[in-house]
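So this block is entry_24.txt, compact mmCIF, C-alpha atoms:
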# COMPACT_ATOMS: atom_id res chain seq x y z
CA MET A 1 0.00 0.00 0.00
CA ALA A 2 1.37 3.40 -1.02
CA SER A 3 2.20 5.78 1.80
CA LEU A 4 0.31 9.04 2.20
CA PRO A 5 1.86 12.28 0.95
CA ALA A 6 3.58 14.30 3.70
CA GLU A 7 0.90 16.97 3.61
CA TRP A 8 -1.70 14.38 4.72
CA HIS A 9 0.12 13.35 7.90
CA ALA A 10 -1.25 16.16 10.09
CA PRO A 11 -4.87 15.77 8.86
CA ARG A 12 -4.61 12.01 9.45
CA ARG A 13 -3.47 12.59 13.06
CA LEU A 14 -6.36 14.98 13.54
CA ILE A 15 -8.87 12.41 12.23
CA VAL A 16 -7.45 9.70 14.49
CA ALA A 17 -7.52 12.00 17.52
CA HIS A 18 -11.11 13.01 16.77
CA SER A 19 -12.18 9.35 16.53
CA ARG A 20 -10.91 8.80 20.08
CA LEU A 21 -12.95 11.62 21.60
CA PRO A 22 -15.84 10.52 23.83
CA ARG A 23 -19.22 10.87 22.17
CA LEU A 24 -21.23 13.71 23.69
CA SER A 25 -24.94 13.47 24.21
CA PRO A 26 -27.19 16.03 22.49
CA SER A 27 -27.79 17.75 25.84
CA ALA A 28 -24.04 18.09 26.41
CA TRP A 29 -23.62 19.63 22.97
CA HIS A 30 -26.43 22.09 23.72
CA SER A 31 -24.64 23.12 26.93
CA ALA A 32 -21.36 23.58 25.09
CA LYS A 33 -23.02 25.65 22.38
CA ALA A 34 -24.75 27.79 25.01
CA LEU A 35 -21.40 28.46 26.71
CA ILE A 36 -19.79 29.41 23.38
CA ARG A 37 -22.67 31.77 22.57
CA ALA A 38 -22.37 33.36 26.03
CA CYS A 39 -18.63 33.93 25.53
CA GLN A 40 -19.22 35.43 22.09
CA ALA A 41 -21.95 37.72 23.45
CA MET A 42 -19.68 38.84 26.28
CA SER A 43 -16.84 39.66 23.88
CA GLU A 44 -19.17 41.55 21.54
CA ALA A 45 -20.57 43.57 24.45
CA GLU A 46 -17.07 44.43 25.71
CA SER A 47 -15.50 45.19 22.33
CA GLY A 48 -16.86 48.75 22.37
CA PRO A 49 -15.46 49.60 25.83
CA LEU A 50 -12.12 48.00 24.89
CA VAL A 51 -11.74 50.21 21.81
CA ARG A 52 -12.69 53.31 23.81
CA MET A 53 -10.15 52.49 26.55
CA TYR A 54 -7.50 51.83 23.93
CA LYS A 55 -8.09 55.21 22.27
CA ALA A 56 -8.03 56.93 25.67
CA SER A 57 -4.71 55.22 26.39
CA LYS A 58 -3.22 56.45 23.13
CA GLU A 59 -4.28 60.00 24.00
CA ARG A 60 -2.85 59.62 27.51
CA MET A 61 0.53 58.56 26.16
CA SER A 62 0.79 61.44 23.65
CA PRO A 63 3.18 62.41 22.07
CA LEU A 64 3.91 58.67 22.20
CA SER A 65 1.17 56.06 21.80
CA ASP A 66 -0.21 52.90 23.37
CA PRO A 67 2.34 50.05 23.66
CA LEU A 68 0.16 47.75 21.55
CA ASP A 69 0.61 50.02 18.53
CA VAL A 70 3.91 48.30 17.63
CA GLN A 71 3.85 44.67 16.49
CA PHE A 72 6.53 43.10 18.66
CA PRO A 73 5.67 39.48 17.70
CA LEU A 74 7.47 40.23 14.43
CA HIS A 75 10.71 40.71 16.41
CA ARG A 76 12.38 37.28 16.78
CA GLN A 77 14.68 38.49 19.55
CA LEU A 78 11.61 39.09 21.75
CA SER A 79 10.02 35.65 21.56
CA SER A 80 8.83 34.26 24.91
CA SER A 81 11.66 31.70 24.90
CA ARG A 82 14.26 34.46 25.18
CA GLU A 83 14.03 34.70 28.96
CA GLU A 84 17.42 36.39 29.32
CA VAL A 85 16.33 39.21 26.97
CA TYR A 86 13.31 40.06 29.13
CA SER A 87 15.47 39.87 32.27
CA ASP A 88 18.02 42.27 30.75
CA TRP A 89 15.31 44.68 29.62
CA LEU A 90 13.53 44.52 33.01
CA GLN A 91 16.84 45.36 34.70
CA TRP A 92 17.16 48.44 32.50
CA VAL A 93 13.54 49.51 33.15
CA LEU A 94 13.91 49.23 36.91
CA GLU A 95 17.10 51.27 36.83
CA GLN A 96 15.41 53.97 34.75
CA VAL A 97 12.61 54.26 37.30
CA SER A 98 15.01 54.23 40.29
CA ASP A 99 12.50 55.89 42.67
CA ALA A 100 12.07 53.57 45.68
CA HIS A 101 8.31 54.02 45.95
CA GLU A 102 7.71 53.51 42.23
CA LEU A 103 9.99 50.47 42.22
CA GLY A 104 8.12 49.00 45.16
CA CYS A 105 4.81 49.47 43.33
CA ILE A 106 6.12 47.89 40.13
CA LEU A 107 7.28 44.86 42.12
CA GLY A 108 4.17 44.81 44.32
CA SER A 109 6.40 45.25 47.37
CA GLN A 110 5.18 47.32 50.31
CA ASN A 111 8.34 46.26 52.09
CA LEU A 112 10.56 47.91 49.49
CA CYS A 113 8.44 51.09 49.56
CA GLN A 114 8.79 51.33 53.33
CA THR A 115 12.35 50.17 54.02
CA ALA A 116 14.36 51.63 51.12
CA ASP A 117 16.04 55.00 51.66
CA PRO A 118 14.03 57.38 49.43
CA HIS A 119 17.19 59.41 48.72
CA GLY A 120 19.63 56.53 48.24
CA ARG A 121 20.66 55.20 44.82
CA ILE A 122 19.11 51.87 43.84
CA SER A 123 20.91 49.50 41.49
CA VAL A 124 19.80 46.28 39.81
CA GLU A 125 22.28 43.48 39.12
CA ARG A 126 21.95 40.49 36.78
CA GLU A 127 23.09 36.88 37.12
CA VAL A 128 24.37 37.24 40.67
CA PRO A 129 26.21 34.05 41.76
CA VAL A 130 25.16 32.44 45.07
CA GLU A 131 26.40 29.44 47.03
CA HIS A 132 23.24 27.33 46.71
CA GLY A 133 20.80 26.57 43.90
CA TYR A 134 19.62 23.09 43.01
CA THR A 135 20.73 20.42 45.50
CA ASP A 136 24.53 20.23 45.68
CA GLN A 137 24.89 22.98 43.07
CA THR A 138 25.64 26.68 43.07
CA GLY A 139 23.14 29.11 41.57
CA ARG A 140 22.67 32.43 39.80
CA LEU A 141 19.96 34.93 40.69
CA ASP A 142 18.23 36.55 37.72
CA LEU A 143 17.91 40.02 39.28
CA VAL A 144 18.95 41.55 42.60
CA VAL A 145 17.64 45.01 43.59
CA LYS A 146 20.24 46.65 45.82
CA GLN A 147 20.78 49.86 47.74
CA GLY A 148 24.39 50.04 48.78
CA SER A 149 25.22 46.71 50.42
CA ARG A 150 21.57 45.97 51.19
CA TRP A 151 19.68 43.43 49.11
CA LEU A 152 16.15 44.82 48.86
CA ALA A 153 14.71 42.18 46.54
CA VAL A 154 15.61 39.10 44.52
CA ILE A 155 13.60 38.47 41.35
CA GLU A 156 13.44 35.14 39.58
CA VAL A 157 12.09 35.57 36.04
CA LYS A 158 9.99 33.13 34.01
CA THR A 159 8.59 33.99 30.59
CA ARG A 160 7.40 30.54 29.50
CA ALA A 161 5.91 27.34 30.89
CA TYR A 162 7.91 25.64 33.62
CA GLU A 163 7.85 22.44 35.65
CA ASP A 164 7.46 22.29 39.43
CA THR A 165 10.99 20.88 39.55
CA ASP A 166 12.24 24.22 38.17
CA LEU A 167 11.19 25.84 41.45
CA LYS A 168 13.30 23.59 43.67
CA LYS A 169 16.34 25.81 43.18
CA HIS A 170 14.43 28.51 45.11
CA ASN A 171 15.04 26.52 48.27
CA GLY A 172 18.78 26.81 47.68
CA TYR A 173 18.48 30.50 46.88
CA ARG A 174 16.77 31.12 50.22
CA LYS A 175 19.66 29.42 52.02
CA SER A 176 22.09 31.71 50.20
CA ILE A 177 20.34 34.95 51.22
CA ASN A 178 21.18 35.94 54.78
CA SER A 179 19.13 39.12 55.17
CA ALA A 180 15.56 38.86 56.45
CA GLU A 181 14.69 42.18 54.76
CA THR A 182 15.34 40.79 51.27
CA GLU A 183 12.04 40.10 49.51
CA LEU A 184 11.97 37.05 47.26
CA ILE A 185 9.85 37.51 44.12
CA PHE A 186 8.88 34.96 41.46
CA LEU A 187 7.85 36.78 38.26
CA SER A 188 5.81 34.68 35.81
CA VAL A 189 2.92 34.82 33.34
CA ASN A 190 0.63 32.68 35.51
CA PRO A 191 0.62 32.05 39.28
CA PRO A 192 2.63 28.96 40.28
CA SER A 193 0.51 25.85 40.86
CA SER A 194 2.75 24.70 43.71
CA ASP A 195 4.73 26.27 46.52
CA PRO A 196 7.57 28.41 45.05
CA PHE A 197 9.64 27.78 48.22
CA GLY A 198 9.16 31.13 49.93
CA PHE A 199 9.09 33.31 46.83
CA ARG A 200 6.10 35.64 46.43
CA SER A 201 4.26 35.39 43.12
CA LEU A 202 4.24 38.46 40.88
CA LEU A 203 2.54 38.43 37.47
CA TRP A 204 3.86 40.07 34.33
CA SER A 205 0.40 41.59 33.78
CA ASP A 206 0.64 43.47 37.10
CA VAL A 207 4.08 44.82 36.21
CA CYS A 208 2.69 46.12 32.90
CA VAL A 209 -0.34 47.70 34.57
CA THR A 210 1.87 49.66 36.98
CA LEU A 211 4.23 50.78 34.21
CA ARG A 212 1.21 51.95 32.20
CA GLY A 213 0.13 53.97 35.24
CA ILE A 214 3.54 55.58 35.78
CA ALA A 215 4.39 56.31 32.12
CA PRO A 216 2.07 59.35 31.62
CA LEU A 217 3.95 61.11 34.45
CA ARG A 218 7.25 60.67 32.60
CA LEU A 219 6.43 62.31 29.26
CA GLU A 220 8.43 65.50 29.73
CA ARG A 221 11.03 66.20 27.06
CA GLU A 222 14.12 65.11 29.01
CA ARG A 223 12.66 61.68 29.83
CA LEU A 224 10.63 61.07 26.68
CA LEU A 225 13.04 58.67 24.96
CA ALA A 226 13.47 56.53 28.11
CA THR A 227 9.69 56.44 28.57
CA ALA A 228 9.26 55.34 24.95
CA LEU A 229 11.60 52.39 25.59
CA ILE A 230 9.76 51.52 28.82
CA LEU A 231 6.47 51.45 26.90
CA ALA A 232 8.14 49.35 24.22
CA PHE A 233 9.02 46.85 26.97
CA VAL A 234 5.37 46.85 28.08
CA GLY A 235 4.25 46.23 24.50
CA ALA A 236 6.66 43.31 24.06
CA VAL A 237 5.50 41.68 27.31
CA GLU A 238 1.81 42.21 26.61
CA GLN A 239 2.00 40.82 23.09
CA ASN A 240 4.57 38.02 23.39
CA LEU A 241 3.94 36.83 26.95
CA LEU A 242 0.29 37.76 27.61
CA GLY A 243 -1.00 37.26 24.06
CA PHE A 244 -2.62 40.69 23.67
CA VAL A 245 -3.07 42.41 20.31
CA SER A 246 -4.10 45.87 19.24
CA PRO A 247 -7.92 46.25 19.01
CA GLU A 248 -7.49 48.47 15.95
CA PRO A 249 -8.17 48.13 13.09
CA THR A 250 -9.40 44.57 13.73
CA LEU A 251 -10.87 43.43 17.04
CA PRO A 252 -8.96 40.71 18.95
CA PRO A 253 -10.23 37.11 18.90
CA THR A 254 -13.23 36.43 21.14
CA GLY A 255 -11.27 34.86 23.97
CA LYS A 256 -8.86 37.77 24.36
CA VAL A 257 -11.37 40.62 24.73
CA PRO A 258 -12.48 40.10 28.38
CA ARG A 259 -8.88 39.72 29.57
CA MET A 260 -7.83 42.86 27.72
CA VAL A 261 -10.79 44.80 29.13
CA ASP A 262 -9.74 43.80 32.66
CA HIS A 263 -6.14 44.79 31.89
CA PHE A 264 -7.03 48.23 30.51
CA THR A 265 -9.46 48.84 33.38
CA LYS A 266 -6.73 48.15 35.94
CA ALA A 267 -4.34 50.38 33.97
CA GLN A 268 -6.84 53.26 34.04
CA MET A 269 -7.22 52.85 37.82
CA GLU A 270 -3.43 52.89 38.14
CA VAL A 271 -3.21 56.11 36.10
CA ASP A 272 -5.82 57.74 38.36
CA HIS A 273 -3.87 56.62 41.44
CA TRP A 274 -0.57 58.12 40.28
CA ARG A 275 -2.20 61.34 39.12
CA ALA A 276 -3.86 61.79 42.52
CA ARG A 277 -0.60 61.03 44.30
CA ASN A 278 1.33 63.62 42.31
CA GLN A 279 -1.18 66.48 42.56

Translate the structure of the given file into structure tokens.
Amino acid sequence: MASLPAEWHAPRRLIVAHSRLPRLSPSAWHSAKALIRACQAMSEAESGPLVRMYKASKERMSPLSDPLDVQFPLHRQLSSSREEVYSDWLQWVLEQVSDAHELGCILGSQNLCQTADPHGRISVEREVPVEHGYTDQTGRLDLVVKQGSRWLAVIEVKTRAYEDTDLKKHNGYRKSINSAETELIFLSVNPPSSDPFGFRSLLWSDVCVTLRGIAPLRLERERLLATALILAFVGAVEQNLLGFVSPEPTLPPTGKVPRMVDHFTKAQMEVDHWRARNQ
């Protein structure tokens, strides 16, 4: 019997997989269709508010624009697998901000806001070697936020899916850090499903929301270029890690709209917070 052409291999696997699916009863199909219709209706209802919030964001960021205006998925260097690139860029962003209170808010750290010297210089170091990592191995910390000799925070960065075994090195990292004031932060796309060994979960979406809130306060001429690069970082994270797309000229797929509405709503609240604080 002649073998199938190569282009038929994927369709054949799909047909075989479909044949193994459990047969659903008519009532189950009706429930599934009802859920799909509800999701579609929700997205259609929220598409209008999403476009309005997006336009408001573009106006807020003038003379720049909203971070989703640039198509970062076209940039191979910024794929989600390039974890070291996002760590390097995050280091640069945190050093540009430098204000202790703003840094604490970006990292979701009340401790950093309260304990850091508001007048002292803050630095961020990459790939800091430590005595312990995985069992019987040394380790390297992705990011360390320092003020003088004080370690204010340690940030472990994840941009893609990971196994629970990847978190075991955190136990070694904790043994290597002697100061009780050092906050341990695990930055990822989704919350960890298991204990990250004493590291506090921080989501990339929350980092982006705070940066969106701070950016309109940094649009004066002397900081405009740095702010543009910070917003470019936000756009790369939101598109490549969170899966967001610009709602103009074409609306995002149905499943993305509610998440984007939540994201833009939080960003607007963050903008209002920073404006009130700086009045």

### Query
What does the distance between atom CA of A:Ser179 and atom CA of A:Val207 come to in Å, to one decimal place?
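It comes out at 24.9 Å.
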
### Message
Could you tell me how far atom CA of A:Phe186 sits from atom CA of A:Ile122, in Å to one decimal place?
### Response
19.9 Å

### From A:Arg212, A:Arg223, A:Arg160, A:Arg140, residue lying nearest A:Gly172 [only C-alpha atoms]
A:Arg140

### Message
Taking 2 positions as the minimum chain separation for residues in the same chain, which residues sit within 9 Å of stretch 239-252 of chain A when counting all atoms listed in the file? Answer as a ChimeraX atom specification.
### Response
/A:47,50-51,54,67-73,78-80,159-160,189,204-205,234-237,254-257,259-260

### Message
Using all atoms listed in the file - which residues lie no farther than 10 Å from the point (21.0, 45.2, 52.5) in the file's frame? Write them as a PyMOL selection string.
### Response
chain A and resi 116+145-153+178-182

Those selected residues, please, written with C-alpha atoms and delivered as a compact mmCIF listing (two decimals), keeping the file's coordinate frame.
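Ended up saving to selection_26.txt:
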# COMPACT_ATOMS: atom_id res chain seq x y z
CA ALA A 116 14.36 51.63 51.12
CA VAL A 145 17.64 45.01 43.59
CA LYS A 146 20.24 46.65 45.82
CA GLN A 147 20.78 49.86 47.74
CA GLY A 148 24.39 50.04 48.78
CA SER A 149 25.22 46.71 50.42
CA ARG A 150 21.57 45.97 51.19
CA TRP A 151 19.68 43.43 49.11
CA LEU A 152 16.15 44.82 48.86
CA ALA A 153 14.71 42.18 46.54
CA ASN A 178 21.18 35.94 54.78
CA SER A 179 19.13 39.12 55.17
CA ALA A 180 15.56 38.86 56.45
CA GLU A 181 14.69 42.18 54.76
CA THR A 182 15.34 40.79 51.27

### Query
In terms of the shortest atom-to-atom distance over all atoms listed in the file, which of A:Thr265, A:Ser123, A:Ser201, A:Asn278 is closest to A:Pro216?
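Selected residue with least distance to A:Pro216: A:Asn278.
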
### Message
What's around A:Trp274 at 12 Å? Count all atoms listed in the file, leave out sequence neighbours fewer than 5 positions away in its own chain, and write the answer as a PyMOL selection string.
### Response
chain A and resi 101-102+105+209-218+267-269+279

### Query
Got a sec to check which residues sit within 12 Å of (-3.2, 63.2, 29.0), counting all atoms listed in the file, and write them as a list of chain:residue names?
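Nearby residues: A:Lys55, A:Ala56, A:Ser57, A:Lys58, A:Glu59, A:Arg60, A:Met61, A:Ser62, A:Pro63, A:Leu64, A:Ser65, A:Gly213, A:Ala215, A:Pro216, A:Leu217, A:Arg218, A:Leu219, A:Glu220, A:Gln268, A:Val271, A:Asp272, A:Arg275.
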
Could the residues in this selection be saved with C-alpha atoms as a PDB file, in the coordinates of the input?
ATOM      1  CA  LYS A  55      -8.090  55.210  22.270  1.00  0.00           C
ATOM      2  CA  ALA A  56      -8.030  56.930  25.670  1.00  0.00           C
ATOM      3  CA  SER A  57      -4.710  55.220  26.390  1.00  0.00           C
ATOM      4  CA  LYS A  58      -3.220  56.450  23.130  1.00  0.00           C
ATOM      5  CA  GLU A  59      -4.280  60.000  24.000  1.00  0.00           C
ATOM      6  CA  ARG A  60      -2.850  59.620  27.510  1.00  0.00           C
ATOM      7  CA  MET A  61       0.530  58.560  26.160  1.00  0.00           C
ATOM      8  CA  SER A  62       0.790  61.440  23.650  1.00  0.00           C
ATOM      9  CA  PRO A  63       3.180  62.410  22.070  1.00  0.00           C
ATOM     10  CA  LEU A  64       3.910  58.670  22.200  1.00  0.00           C
ATOM     11  CA  SER A  65       1.170  56.060  21.800  1.00  0.00           C
ATOM     12  CA  GLY A 213       0.130  53.970  35.240  1.00  0.00           C
ATOM     13  CA  ALA A 215       4.390  56.310  32.120  1.00  0.00           C
ATOM     14  CA  PRO A 216       2.070  59.350  31.620  1.00  0.00           C
ATOM     15  CA  LEU A 217       3.950  61.110  34.450  1.00  0.00           C
ATOM     16  CA  ARG A 218       7.250  60.670  32.600  1.00  0.00           C
ATOM     17  CA  LEU A 219       6.430  62.310  29.260  1.00  0.00           C
ATOM     18  CA  GLU A 220       8.430  65.500  29.730  1.00  0.00           C
ATOM     19  CA  GLN A 268      -6.840  53.260  34.040  1.00  0.00           C
ATOM     20  CA  VAL A 271      -3.210  56.110  36.100  1.00  0.00           C
ATOM     21  CA  ASP A 272      -5.820  57.740  38.360  1.00  0.00           C
ATOM     22  CA  ARG A 275      -2.200  61.340  39.120  1.00  0.00           C
TER      23      ARG A 275
END

### Task
Write out as a VMD selection string the residues lying within 8 Å of stretch 91-96 of chain A, counting all atoms listed in the file and excluding same-chain residues fewer than 4 positions away.
chain A and resid 87 103 122 to 126 143 226 230

Filtering to C-alpha atoms, could you give me those residues as a PDB file, in the coordinates of the input?
ATOM      1  CA  SER A  87      15.470  39.870  32.270  1.00  0.00           C
ATOM      2  CA  LEU A 103       9.990  50.470  42.220  1.00  0.00           C
ATOM      3  CA  ILE A 122      19.110  51.870  43.840  1.00  0.00           C
ATOM      4  CA  SER A 123      20.910  49.500  41.490  1.00  0.00           C
ATOM      5  CA  VAL A 124      19.800  46.280  39.810  1.00  0.00           C
ATOM      6  CA  GLU A 125      22.280  43.480  39.120  1.00  0.00           C
ATOM      7  CA  ARG A 126      21.950  40.490  36.780  1.00  0.00           C
ATOM      8  CA  LEU A 143      17.910  40.020  39.280  1.00  0.00           C
ATOM      9  CA  ALA A 226      13.470  56.530  28.110  1.00  0.00           C
ATOM     10  CA  ILE A 230       9.760  51.520  28.820  1.00  0.00           C
TER      11      ILE A 230
END

Box for stretch 228-247 of chain A: with edges along x, y and z, all listed atoms inside and 3 Å added on each side, what are the centre and edge lengths in Å to one decimal, as lines of an AutoDock Vina configuration file?
center_x = 1.8
center_y = 46.1
center_z = 23.9
size_x = 25.5
size_y = 24.5
size_z = 15.8

### Query
What is the atom CA of A:Tyr134 to atom CA of A:Leu112 distance in Å?
27.2 Å

### Message
Measuring between only C-alpha atoms, which one of A:Pro129, A:Leu90, A:Phe233, A:Gly139 shows the shortest distance to A:Leu187?
### Response
A:Leu90

Generate the coordinates of N, CA and C atoms for stretch 45-60 of chain A; report them as a PDB file, in the coordinates of the input.
ATOM      1  N   ALA A  45     -20.133  42.490  23.580  1.00  0.00           N
ATOM      2  CA  ALA A  45     -20.570  43.570  24.450  1.00  0.00           C
ATOM      3  C   ALA A  45     -19.393  44.391  24.963  1.00  0.00           C
ATOM      4  N   GLU A  46     -18.224  43.732  25.140  1.00  0.00           N
ATOM      5  CA  GLU A  46     -17.070  44.430  25.710  1.00  0.00           C
ATOM      6  C   GLU A  46     -16.122  44.979  24.656  1.00  0.00           C
ATOM      7  N   SER A  47     -16.380  44.691  23.391  1.00  0.00           N
ATOM      8  CA  SER A  47     -15.500  45.190  22.330  1.00  0.00           C
ATOM      9  C   SER A  47     -15.534  46.714  22.259  1.00  0.00           C
ATOM     10  N   GLY A  48     -16.725  47.289  22.411  1.00  0.00           N
ATOM     11  CA  GLY A  48     -16.860  48.750  22.370  1.00  0.00           C
ATOM     12  C   GLY A  48     -16.064  49.420  23.483  1.00  0.00           C
ATOM     13  N   PRO A  49     -16.257  49.011  24.748  1.00  0.00           N
ATOM     14  CA  PRO A  49     -15.460  49.600  25.830  1.00  0.00           C
ATOM     15  C   PRO A  49     -13.955  49.404  25.642  1.00  0.00           C
ATOM     16  N   LEU A  50     -13.549  48.246  25.099  1.00  0.00           N
ATOM     17  CA  LEU A  50     -12.120  48.000  24.890  1.00  0.00           C
ATOM     18  C   LEU A  50     -11.549  49.011  23.914  1.00  0.00           C
ATOM     19  N   VAL A  51     -12.234  49.248  22.802  1.00  0.00           N
ATOM     20  CA  VAL A  51     -11.740  50.210  21.810  1.00  0.00           C
ATOM     21  C   VAL A  51     -11.677  51.606  22.409  1.00  0.00           C
ATOM     22  N   ARG A  52     -12.689  51.976  23.197  1.00  0.00           N
ATOM     23  CA  ARG A  52     -12.690  53.310  23.810  1.00  0.00           C
ATOM     24  C   ARG A  52     -11.516  53.455  24.799  1.00  0.00           C
ATOM     25  N   MET A  53     -11.263  52.419  25.608  1.00  0.00           N
ATOM     26  CA  MET A  53     -10.150  52.490  26.550  1.00  0.00           C
ATOM     27  C   MET A  53      -8.816  52.537  25.823  1.00  0.00           C
ATOM     28  N   TYR A  54      -8.732  51.835  24.713  1.00  0.00           N
ATOM     29  CA  TYR A  54      -7.500  51.830  23.930  1.00  0.00           C
ATOM     30  C   TYR A  54      -7.231  53.225  23.353  1.00  0.00           C
ATOM     31  N   LYS A  55      -8.258  53.862  22.818  1.00  0.00           N
ATOM     32  CA  LYS A  55      -8.090  55.210  22.270  1.00  0.00           C
ATOM     33  C   LYS A  55      -7.730  56.200  23.366  1.00  0.00           C
ATOM     34  N   ALA A  56      -8.353  56.049  24.542  1.00  0.00           N
ATOM     35  CA  ALA A  56      -8.030  56.930  25.670  1.00  0.00           C
ATOM     36  C   ALA A  56      -6.573  56.737  26.092  1.00  0.00           C
ATOM     37  N   SER A  57      -6.098  55.498  26.042  1.00  0.00           N
ATOM     38  CA  SER A  57      -4.710  55.220  26.390  1.00  0.00           C
ATOM     39  C   SER A  57      -3.758  55.876  25.401  1.00  0.00           C
ATOM     40  N   LYS A  58      -4.083  55.819  24.130  1.00  0.00           N
ATOM     41  CA  LYS A  58      -3.220  56.450  23.130  1.00  0.00           C
ATOM     42  C   LYS A  58      -3.141  57.966  23.360  1.00  0.00           C
ATOM     43  N   GLU A  59      -4.274  58.562  23.725  1.00  0.00           N
ATOM     44  CA  GLU A  59      -4.280  60.000  24.000  1.00  0.00           C
ATOM     45  C   GLU A  59      -3.466  60.312  25.254  1.00  0.00           C
ATOM     46  N   ARG A  60      -3.568  59.431  26.248  1.00  0.00           N
ATOM     47  CA  ARG A  60      -2.850  59.620  27.510  1.00  0.00           C
ATOM     48  C   ARG A  60      -1.347  59.581  27.311  1.00  0.00           C
TER      49      ARG A  60
END
